[in-house]
$ cat structure_9.tsv   # TSV, C-alpha atoms
chain	number	residue	atom	x	y	z
Y	1	MET	CA	-120.59	186.64	-119.64
Y	2	LYS	CA	-117.12	185.52	-120.57
Y	3	ARG	CA	-117.85	181.94	-119.58
Y	4	LEU	CA	-120.92	181.95	-121.76
Y	5	PHE	CA	-118.91	183.11	-124.73
Y	6	LEU	CA	-116.36	180.39	-124.20
Y	7	ALA	CA	-119.15	177.88	-123.91
Y	8	ALA	CA	-120.92	178.89	-127.06
Y	9	THR	CA	-117.71	179.10	-129.04
Y	10	ALA	CA	-116.52	175.71	-127.88
Y	11	VAL	CA	-119.89	174.09	-128.47
Y	12	MET	CA	-120.25	175.58	-131.93
Y	13	GLY	CA	-116.80	174.38	-132.86
Y	14	LEU	CA	-117.28	171.02	-131.30
Y	15	VAL	CA	-120.32	169.85	-133.13
Y	16	ILE	CA	-118.51	170.12	-136.42
Y	17	ALA	CA	-116.24	167.40	-135.12
Y	18	LEU	CA	-119.06	164.94	-134.54
Y	19	PRO	CA	-118.92	162.13	-137.06
Y	20	ALA	CA	-121.20	162.83	-139.98
Y	21	ALA	CA	-122.00	159.15	-140.24
Y	22	ALA	CA	-125.32	158.56	-138.59
Y	23	GLN	CA	-125.23	156.40	-135.49
Y	24	PHE	CA	-128.83	155.32	-135.44
Y	25	GLN	CA	-130.11	151.79	-135.15
Y	26	LYS	CA	-133.19	152.38	-137.27
Y	27	PRO	CA	-134.36	155.04	-139.73
Y	28	GLU	CA	-137.18	156.01	-137.36
Y	29	ASP	CA	-134.61	156.74	-134.66
Y	30	ALA	CA	-132.83	159.16	-136.98
Y	31	ILE	CA	-136.10	160.81	-137.98
Y	32	LYS	CA	-137.22	161.21	-134.36
Y	33	TYR	CA	-133.80	162.57	-133.40
Y	34	ARG	CA	-133.62	165.17	-136.16
Y	35	GLN	CA	-137.18	166.32	-135.48
Y	36	SER	CA	-136.43	166.52	-131.77
Y	37	SER	CA	-133.25	168.51	-132.19
Y	38	PHE	CA	-135.02	170.86	-134.61
Y	39	THR	CA	-137.76	171.33	-131.99
Y	40	VAL	CA	-135.27	172.22	-129.26
Y	41	MET	CA	-133.46	174.60	-131.60
Y	42	ALA	CA	-136.67	176.23	-132.79
Y	43	THR	CA	-137.95	176.74	-129.26
Y	44	HIS	CA	-134.88	178.66	-128.14
Y	45	PHE	CA	-134.37	180.39	-131.48
Y	46	GLY	CA	-137.99	181.50	-131.21
Y	47	ARG	CA	-137.37	183.07	-127.82
Y	48	ILE	CA	-134.62	185.19	-129.36
Y	49	GLY	CA	-137.01	185.91	-132.22
Y	50	ALA	CA	-139.71	187.14	-129.87
Y	51	MET	CA	-137.23	189.78	-128.71
Y	52	ALA	CA	-136.00	190.53	-132.23
Y	53	ALA	CA	-139.59	191.10	-133.32
Y	54	GLY	CA	-140.31	193.33	-130.35
Y	55	ARG	CA	-142.96	191.03	-128.88
Y	56	VAL	CA	-140.85	190.68	-125.74
Y	57	PRO	CA	-138.46	193.30	-124.31
Y	58	PHE	CA	-134.85	192.67	-125.33
Y	59	ASP	CA	-132.76	191.18	-122.55
Y	60	ALA	CA	-129.18	190.45	-123.56
Y	61	LYS	CA	-128.76	187.86	-120.81
Y	62	VAL	CA	-131.88	185.96	-121.84
Y	63	ALA	CA	-130.79	186.10	-125.47
Y	64	ALA	CA	-127.37	184.76	-124.51
Y	65	ASP	CA	-128.84	181.95	-122.42
Y	66	ASN	CA	-131.05	180.86	-125.30
Y	67	MET	CA	-128.24	181.25	-127.82
Y	68	VAL	CA	-126.06	178.78	-125.92
Y	69	ILE	CA	-128.75	176.15	-126.39
Y	70	VAL	CA	-129.25	177.06	-130.05
Y	71	ALA	CA	-125.50	176.88	-130.61
Y	72	ALA	CA	-125.32	173.50	-128.91
Y	73	VAL	CA	-128.07	171.88	-130.96
Y	74	HIS	CA	-128.38	173.62	-134.33
Y	75	LYS	CA	-126.01	171.28	-136.15
Y	76	LEU	CA	-127.38	168.09	-134.65
Y	77	PRO	CA	-130.32	167.49	-137.01
Y	78	PHE	CA	-127.95	167.34	-139.96
Y	79	THR	CA	-126.21	164.27	-138.56
Y	80	ALA	CA	-129.49	162.38	-139.02
Y	81	PHE	CA	-130.30	162.67	-142.73
Y	82	GLY	CA	-128.27	159.64	-143.70
Y	83	ASP	CA	-129.13	157.32	-146.57
Y	84	GLY	CA	-132.26	155.34	-145.89
Y	85	THR	CA	-133.73	157.85	-143.46
Y	86	ASP	CA	-136.15	159.27	-146.01
Y	87	LYS	CA	-138.84	157.00	-144.61
Y	88	GLY	CA	-139.59	154.84	-141.58
Y	89	ALA	CA	-141.63	157.42	-139.67
Y	90	PRO	CA	-143.71	160.44	-140.66
Y	91	THR	CA	-141.34	163.08	-142.00
Y	92	LYS	CA	-141.71	166.32	-143.92
Y	93	ALA	CA	-138.27	165.90	-145.47
Y	94	LEU	CA	-138.67	165.86	-149.25
Y	95	PRO	CA	-136.86	163.37	-151.54
Y	96	GLU	CA	-134.75	166.34	-152.69
Y	97	VAL	CA	-132.77	166.08	-149.42
Y	98	TRP	CA	-131.20	162.88	-150.75
Y	99	ALA	CA	-131.49	163.56	-154.49
Y	100	GLN	CA	-129.77	166.94	-154.24
Y	101	GLN	CA	-127.30	166.39	-151.45
Y	102	ALA	CA	-124.85	169.08	-152.56
Y	103	LYS	CA	-127.59	171.68	-152.70
Y	104	PHE	CA	-128.94	170.52	-149.33
Y	105	GLY	CA	-125.44	170.81	-147.90
Y	106	GLU	CA	-125.12	174.36	-149.21
Y	107	ALA	CA	-128.43	175.31	-147.61
Y	108	ARG	CA	-127.31	173.75	-144.34
Y	109	ASP	CA	-123.98	175.56	-144.45
Y	110	LYS	CA	-125.72	178.83	-145.21
Y	111	MET	CA	-127.76	178.41	-142.05
Y	112	PHE	CA	-124.64	177.51	-140.04
Y	113	GLY	CA	-122.95	180.67	-141.29
Y	114	GLU	CA	-125.91	182.89	-140.48
Y	115	MET	CA	-126.16	181.23	-137.08
Y	116	ALA	CA	-122.52	182.08	-136.37
Y	117	LYS	CA	-123.35	185.71	-137.16
Y	118	LEU	CA	-126.30	185.58	-134.78
Y	119	ASP	CA	-124.07	184.07	-132.12
Y	120	ALA	CA	-121.66	187.00	-132.54
Y	121	ALA	CA	-124.51	189.50	-132.50
Y	122	VAL	CA	-125.97	188.04	-129.32
Y	123	LYS	CA	-122.53	188.20	-127.73
Y	124	SER	CA	-122.30	191.87	-128.66
Y	125	GLY	CA	-125.45	192.51	-126.66
Y	126	ASN	CA	-126.56	195.01	-129.31
Y	127	PHE	CA	-130.24	194.76	-130.13
Y	128	ASP	CA	-130.00	196.07	-133.68
Y	129	SER	CA	-127.27	193.54	-134.46
Y	130	VAL	CA	-129.34	190.73	-133.01
Y	131	LYS	CA	-132.39	191.81	-134.97
Y	132	ALA	CA	-130.46	191.92	-138.24
Y	133	ALA	CA	-128.69	188.63	-137.67
Y	134	PHE	CA	-131.91	186.94	-136.61
Y	135	GLY	CA	-133.39	187.93	-139.96
Y	136	GLY	CA	-130.43	186.37	-141.71
Y	137	VAL	CA	-130.94	183.05	-139.97
Y	138	GLY	CA	-134.67	183.18	-140.59
Y	139	GLY	CA	-134.04	183.68	-144.29
Y	140	ALA	CA	-131.69	180.71	-144.40
Y	141	CYS	CA	-134.25	178.54	-142.58
Y	142	LYS	CA	-137.00	179.56	-144.98
Y	143	ALA	CA	-134.91	179.00	-148.11
Y	144	CYS	CA	-134.08	175.46	-146.99
Y	145	HIS	CA	-137.65	174.72	-145.95
Y	146	ASP	CA	-138.93	175.96	-149.32
Y	147	ASP	CA	-136.72	173.51	-151.19
Y	148	PHE	CA	-136.43	170.56	-148.85
Y	149	ARG	CA	-139.41	170.43	-146.52
Y	150	GLY	CA	-142.95	169.51	-147.46
Y	151	LYS	CA	-146.04	171.12	-146.00
V	1	MET	CA	-109.85	169.18	-124.28
V	2	LYS	CA	-109.70	172.24	-122.06
V	3	ARG	CA	-112.17	174.12	-124.21
V	4	LEU	CA	-114.57	171.24	-123.98
V	5	PHE	CA	-114.38	171.24	-120.23
V	6	LEU	CA	-115.06	174.95	-120.08
V	7	ALA	CA	-117.95	174.46	-122.43
V	8	ALA	CA	-119.56	171.68	-120.47
V	9	THR	CA	-119.01	173.45	-117.17
V	10	ALA	CA	-120.45	176.71	-118.41
V	11	VAL	CA	-123.39	175.03	-120.08
V	12	MET	CA	-124.21	172.94	-117.04
V	13	GLY	CA	-124.10	176.02	-114.85
V	14	LEU	CA	-126.02	178.10	-117.31
V	15	VAL	CA	-129.11	176.06	-117.68
V	16	ILE	CA	-129.86	176.35	-113.99
V	17	ALA	CA	-130.26	180.06	-114.63
V	18	LEU	CA	-132.97	179.60	-117.23
V	19	PRO	CA	-136.29	180.77	-115.88
V	20	ALA	CA	-138.20	177.86	-114.40
V	21	ALA	CA	-141.45	179.41	-115.57
V	22	ALA	CA	-142.47	177.69	-118.74
V	23	GLN	CA	-142.48	179.90	-121.79
V	24	PHE	CA	-144.79	177.86	-123.93
V	25	GLN	CA	-147.83	179.13	-125.77
V	26	LYS	CA	-149.76	175.89	-125.44
V	27	PRO	CA	-149.51	172.75	-123.29
V	28	GLU	CA	-148.79	170.69	-126.41
V	29	ASP	CA	-145.77	172.88	-127.13
V	30	ALA	CA	-144.37	172.14	-123.67
V	31	ILE	CA	-145.05	168.41	-124.07
V	32	LYS	CA	-143.39	168.30	-127.49
V	33	TYR	CA	-140.43	170.28	-126.19
V	34	ARG	CA	-139.81	168.12	-123.14
V	35	GLN	CA	-140.12	164.94	-125.19
V	36	SER	CA	-137.75	166.37	-127.79
V	37	SER	CA	-135.12	167.43	-125.30
V	38	PHE	CA	-135.35	164.03	-123.60
V	39	THR	CA	-134.83	162.39	-127.01
V	40	VAL	CA	-131.72	164.45	-127.75
V	41	MET	CA	-130.35	163.74	-124.27
V	42	ALA	CA	-131.11	160.02	-124.50
V	43	THR	CA	-129.47	159.70	-127.90
V	44	HIS	CA	-126.16	161.14	-126.76
V	45	PHE	CA	-126.35	159.57	-123.29
V	46	GLY	CA	-126.93	156.28	-125.06
V	47	ARG	CA	-123.75	156.70	-127.09
V	48	ILE	CA	-121.79	157.06	-123.88
V	49	GLY	CA	-123.72	154.07	-122.57
V	50	ALA	CA	-122.73	151.93	-125.53
V	51	MET	CA	-119.12	152.49	-124.52
V	52	ALA	CA	-119.82	152.02	-120.81
V	53	ALA	CA	-121.47	148.70	-121.58
V	54	GLY	CA	-118.60	147.59	-123.80
V	55	ARG	CA	-120.70	147.39	-126.97
V	56	VAL	CA	-118.48	150.04	-128.56
V	57	PRO	CA	-114.77	150.62	-127.81
V	58	PHE	CA	-114.23	153.42	-125.30
V	59	ASP	CA	-113.03	156.63	-126.92
V	60	ALA	CA	-112.58	159.48	-124.47
V	61	LYS	CA	-112.96	162.12	-127.21
V	62	VAL	CA	-116.23	160.65	-128.46
V	63	ALA	CA	-117.49	160.40	-124.88
V	64	ALA	CA	-116.56	164.04	-124.29
V	65	ASP	CA	-118.25	165.20	-127.49
V	66	ASN	CA	-121.45	163.43	-126.55
V	67	MET	CA	-121.25	164.63	-122.95
V	68	VAL	CA	-121.20	168.27	-124.07
V	69	ILE	CA	-124.56	167.72	-125.74
V	70	VAL	CA	-125.93	165.82	-122.77
V	71	ALA	CA	-124.77	168.59	-120.46
V	72	ALA	CA	-126.37	171.23	-122.66
V	73	VAL	CA	-129.78	169.60	-122.79
V	74	HIS	CA	-130.32	167.41	-119.73
V	75	LYS	CA	-131.99	170.12	-117.67
V	76	LEU	CA	-134.20	171.44	-120.44
V	77	PRO	CA	-137.09	168.97	-120.15
V	78	PHE	CA	-137.70	170.05	-116.57
V	79	THR	CA	-138.55	173.59	-117.65
V	80	ALA	CA	-141.58	172.15	-119.44
V	81	PHE	CA	-143.58	170.37	-116.74
V	82	GLY	CA	-145.51	173.48	-115.73
V	83	ASP	CA	-149.06	173.48	-114.44
V	84	GLY	CA	-151.54	172.51	-117.12
V	85	THR	CA	-149.03	170.53	-119.17
V	86	ASP	CA	-150.30	167.18	-117.92
V	87	LYS	CA	-152.43	166.89	-121.04
V	88	GLY	CA	-152.83	168.45	-124.48
V	89	ALA	CA	-150.79	165.88	-126.39
V	90	PRO	CA	-149.91	162.22	-125.82
V	91	THR	CA	-147.61	162.06	-122.81
V	92	LYS	CA	-146.31	159.30	-120.57
V	93	ALA	CA	-145.95	161.72	-117.69
V	94	LEU	CA	-148.06	160.44	-114.79
V	95	PRO	CA	-150.31	162.67	-112.66
V	96	GLU	CA	-147.78	162.16	-109.86
V	97	VAL	CA	-145.47	164.67	-111.60
V	98	TRP	CA	-147.86	167.42	-110.59
V	99	ALA	CA	-149.38	165.80	-107.48
V	100	GLN	CA	-145.99	165.11	-105.91
V	101	GLN	CA	-143.93	168.03	-107.08
V	102	ALA	CA	-141.44	167.95	-104.22
V	103	LYS	CA	-140.73	164.27	-104.80
V	104	PHE	CA	-140.46	164.87	-108.55
V	105	GLY	CA	-138.03	167.70	-107.88
V	106	GLU	CA	-135.92	165.44	-105.69
V	107	ALA	CA	-135.80	162.80	-108.43
V	108	ARG	CA	-134.82	165.46	-110.95
V	109	ASP	CA	-132.11	166.84	-108.68
V	110	LYS	CA	-130.79	163.35	-108.07
V	111	MET	CA	-130.37	162.93	-111.83
V	112	PHE	CA	-128.70	166.34	-112.13
V	113	GLY	CA	-126.24	165.36	-109.39
V	114	GLU	CA	-125.44	162.01	-110.97
V	115	MET	CA	-125.06	163.73	-114.33
V	116	ALA	CA	-122.52	166.13	-112.83
V	117	LYS	CA	-120.56	163.10	-111.63
V	118	LEU	CA	-120.70	161.60	-115.12
V	119	ASP	CA	-119.52	164.89	-116.56
V	120	ALA	CA	-116.53	164.82	-114.23
V	121	ALA	CA	-115.84	161.18	-115.03
V	122	VAL	CA	-115.94	161.82	-118.77
V	123	LYS	CA	-113.56	164.72	-118.29
V	124	SER	CA	-111.20	162.42	-116.41
V	125	GLY	CA	-111.04	160.22	-119.48
V	126	ASN	CA	-110.97	157.17	-117.21
V	127	PHE	CA	-113.13	154.33	-118.48
V	128	ASP	CA	-113.86	152.77	-115.10
V	129	SER	CA	-114.98	156.13	-113.75
V	130	VAL	CA	-117.24	156.68	-116.75
V	131	LYS	CA	-118.72	153.21	-116.39
V	132	ALA	CA	-119.46	153.71	-112.69
V	133	ALA	CA	-120.90	157.19	-113.15
V	134	PHE	CA	-122.99	156.08	-116.10
V	135	GLY	CA	-124.58	153.48	-113.86
V	136	GLY	CA	-125.38	156.16	-111.32
V	137	VAL	CA	-127.18	158.26	-113.89
V	138	GLY	CA	-128.99	155.24	-115.23
V	139	GLY	CA	-130.23	154.41	-111.77
V	140	ALA	CA	-131.51	157.95	-111.27
V	141	CYS	CA	-133.30	157.82	-114.63
V	142	LYS	CA	-134.93	154.52	-113.79
V	143	ALA	CA	-136.05	155.59	-110.33
V	144	CYS	CA	-137.77	158.65	-111.77
V	145	HIS	CA	-139.32	156.69	-114.63
V	146	ASP	CA	-140.64	154.09	-112.19
V	147	ASP	CA	-142.49	156.72	-110.18
V	148	PHE	CA	-143.39	159.36	-112.74
V	149	ARG	CA	-143.56	157.83	-116.19
V	150	GLY	CA	-146.22	155.50	-117.47
V	151	LYS	CA	-145.60	152.60	-119.78

$ encode --input "structure_9.tsv" --output "structure tokens"
Amino acid sequence: MKRLFLAATAVMGLVIALPAAAQFQKPEDAIKYRQSSFTVMATHFGRIGAMAAGRVPFDAKVAADNMVIVAAVHKLPFTAFGDGTDKGAPTKALPEVWAQQAKFGEARDKMFGEMAKLDAAVKSGNFDSVKAAFGGVGGACKACHDDFRGK
Amino acid sequence: MKRLFLAATAVMGLVIALPAAAQFQKPEDAIKYRQSSFTVMATHFGRIGAMAAGRVPFDAKVAADNMVIVAAVHKLPFTAFGDGTDKGAPTKALPEVWAQQAKFGEARDKMFGEMAKLDAAVKSGNFDSVKAAFGGVGGACKACHDDFRGK
């Protein structure tokens, strides 16, 4: 387990260091990339959620395996909301993402913070901690979706 | 840099341990997931490739940052080619993926092996090694695409 912890910690720290400036040739590339990284995150986050919700028996190892992927990808979508990426391909991102960048950044950082708590909870291996922290992340996701994502 | 190496090593080892059995509710979920994880991989692999090809100056730190993401996601798509996922959403995956599973597995493992060499090369920080190893991965990608991916 210790290697996993090191991995998740390093990966979570690392992504912060990625240049915020988008490195996409075309707006549609950025849109496809952020949707793709959200999909990967949501898939593995959802597998932790299935345990948190009691739909699947809690397995600390499975939670940890999924959390490493979530930790590795959860910041990636936010490198792909650069100027000019509000259109170019179908996207649910609302104009508020670009019109209210400070507020969007706060919502993003709230999710990052809750995700760090979930990472710690998963590392603890304690189901109640995971369940509580999962709810915190879910709340941060929903709050951001309510303000910045269309139907 | 040492933390990065631990991260990449642990992540690369970890993903092997993920259950091969697909955990998708619907075939379209698996298709979307494998396409998404390929997109994330290709984006970051491409950033290493831009340096390998000389289009962007080589920066060992940038290569390492991108490699951590590549390492974290490159095995994920292959958890989502389960039986019944040959249709359900638009996919370029050819019927040969399911009809020639052993050959597909060999092509996948070839890519994993070449990717491990690229990981080592990136860790070395040596441009010529990265360039050579990048070519090896690219060749493995192309070989698999030629046999198993439609136009």

$ closest_residue --input "structure_9.tsv" --among "Y:Ala72, Y:Gly49, Y:Thr43, Y:Lys87" --to "Ala30 (chain V)" --atoms "only C-alpha atoms"
Y:Thr43

$ atom_distance --input "structure_9.tsv" --atom1 "CA of Ala89 (chain V)" --atom2 "CA of Pro77 (chain Y)"
23.1 Å

$ residues_around --input "structure_9.tsv" --residues "Glu96 (chain V)" --least-positions-apart "4" --cutoff "10 Å" --atoms "all atoms listed in the file" --output "mmCIF file with C-alpha atoms, in the coordinates of the input"
data_model
loop_
_atom_site.group_PDB
_atom_site.id
_atom_site.type_symbol
_atom_site.label_atom_id
_atom_site.label_comp_id
_atom_site.auth_asym_id
_atom_site.auth_seq_id
_atom_site.Cartn_x
_atom_site.Cartn_y
_atom_site.Cartn_z
ATOM 1 C CA ASP V 86 -150.300 167.180 -117.920
ATOM 2 C CA GLN V 100 -145.990 165.110 -105.910
ATOM 3 C CA GLN V 101 -143.930 168.030 -107.080
ATOM 4 C CA LYS V 103 -140.730 164.270 -104.800
ATOM 5 C CA PHE V 104 -140.460 164.870 -108.550
ATOM 6 C CA ASP V 147 -142.490 156.720 -110.180
ATOM 7 C CA PHE V 148 -143.390 159.360 -112.740
ATOM 8 C CA ARG V 149 -143.560 157.830 -116.190
#

$ residues_near_point --input "structure_9.tsv" --point "(-150.7, 170.2, -115.5)" --cutoff "12 Å" --atoms "all atoms listed in the file" --output "JSON, numbers by chain"
{"V": [22, 26, 27, 28, 30, 31, 80, 81, 82, 83, 84, 85, 86, 87, 88, 89, 91, 93, 94, 95, 96, 97, 98, 99, 100, 101]}

$ axis_aligned_box --input "structure_9.tsv" --around "region 28-36 of chain Y" --padding-each-side "6 Å" --output "JSON"
{"center_x": -135.0, "center_y": 161.3, "center_z": -134.9, "size_x": 16.4, "size_y": 22.5, "size_z": 18.2}

$ atom_distance --input "structure_9.tsv" --atom1 "CA of Arg55 (chain Y)" --atom2 "CA of Gly138 (chain Y)"
16.4 Å

$ atom_distance --input "structure_9.tsv" --atom1 "CA of Val122 (chain Y)" --atom2 "CA of Val137 (chain Y)"
12.8 Å

$ residues_around --input "structure_9.tsv" --residues "Gly135 (chain Y)" --least-positions-apart "4" --cutoff "9 Å" --atoms "all atoms listed in the file" --output "number ranges by chain"
Y: 49, 52, 130-131, 139-140

$ closest_residue --input "structure_9.tsv" --among "V:Asp146, V:Asp29, V:Asp119, V:Glu106" --to "chain Y" --atoms "only C-alpha atoms"
V:Asp29

$ closest_residue --input "structure_9.tsv" --among "V:Val40, V:Ala102, V:Met51, V:Cys144" --to "His74 (chain Y)" --atoms "only C-alpha atoms"
V:Val40

$ closest_residue --input "structure_9.tsv" --among "Y:Ala53, Y:Ala42, Y:Ala64, Y:Ala143" --to "Ser124 (chain Y)" --atoms "all atoms listed in the file"
Y:Ala64

$ closest_residue --input "structure_9.tsv" --among "Y:Val70, Y:Phe24, Y:Ser36, Y:Ala60" --to "Met115 (chain Y)" --atoms "all atoms listed in the file"
Y:Val70

$ residues_around --input "structure_9.tsv" --residues "Gly125 (chain Y)" --least-positions-apart "2" --cutoff "12 Å" --atoms "all atoms listed in the file" --output "list in words"
Met1, Phe5, Phe58, Asp59, Ala60, Lys61, Val62, Ala63, Ala64, Asp65, Met67, Leu118, Asp119, Ala120, Ala121, Val122, Lys123, Phe127, Asp128, Ser129, Val130 and Lys131 of chain Y
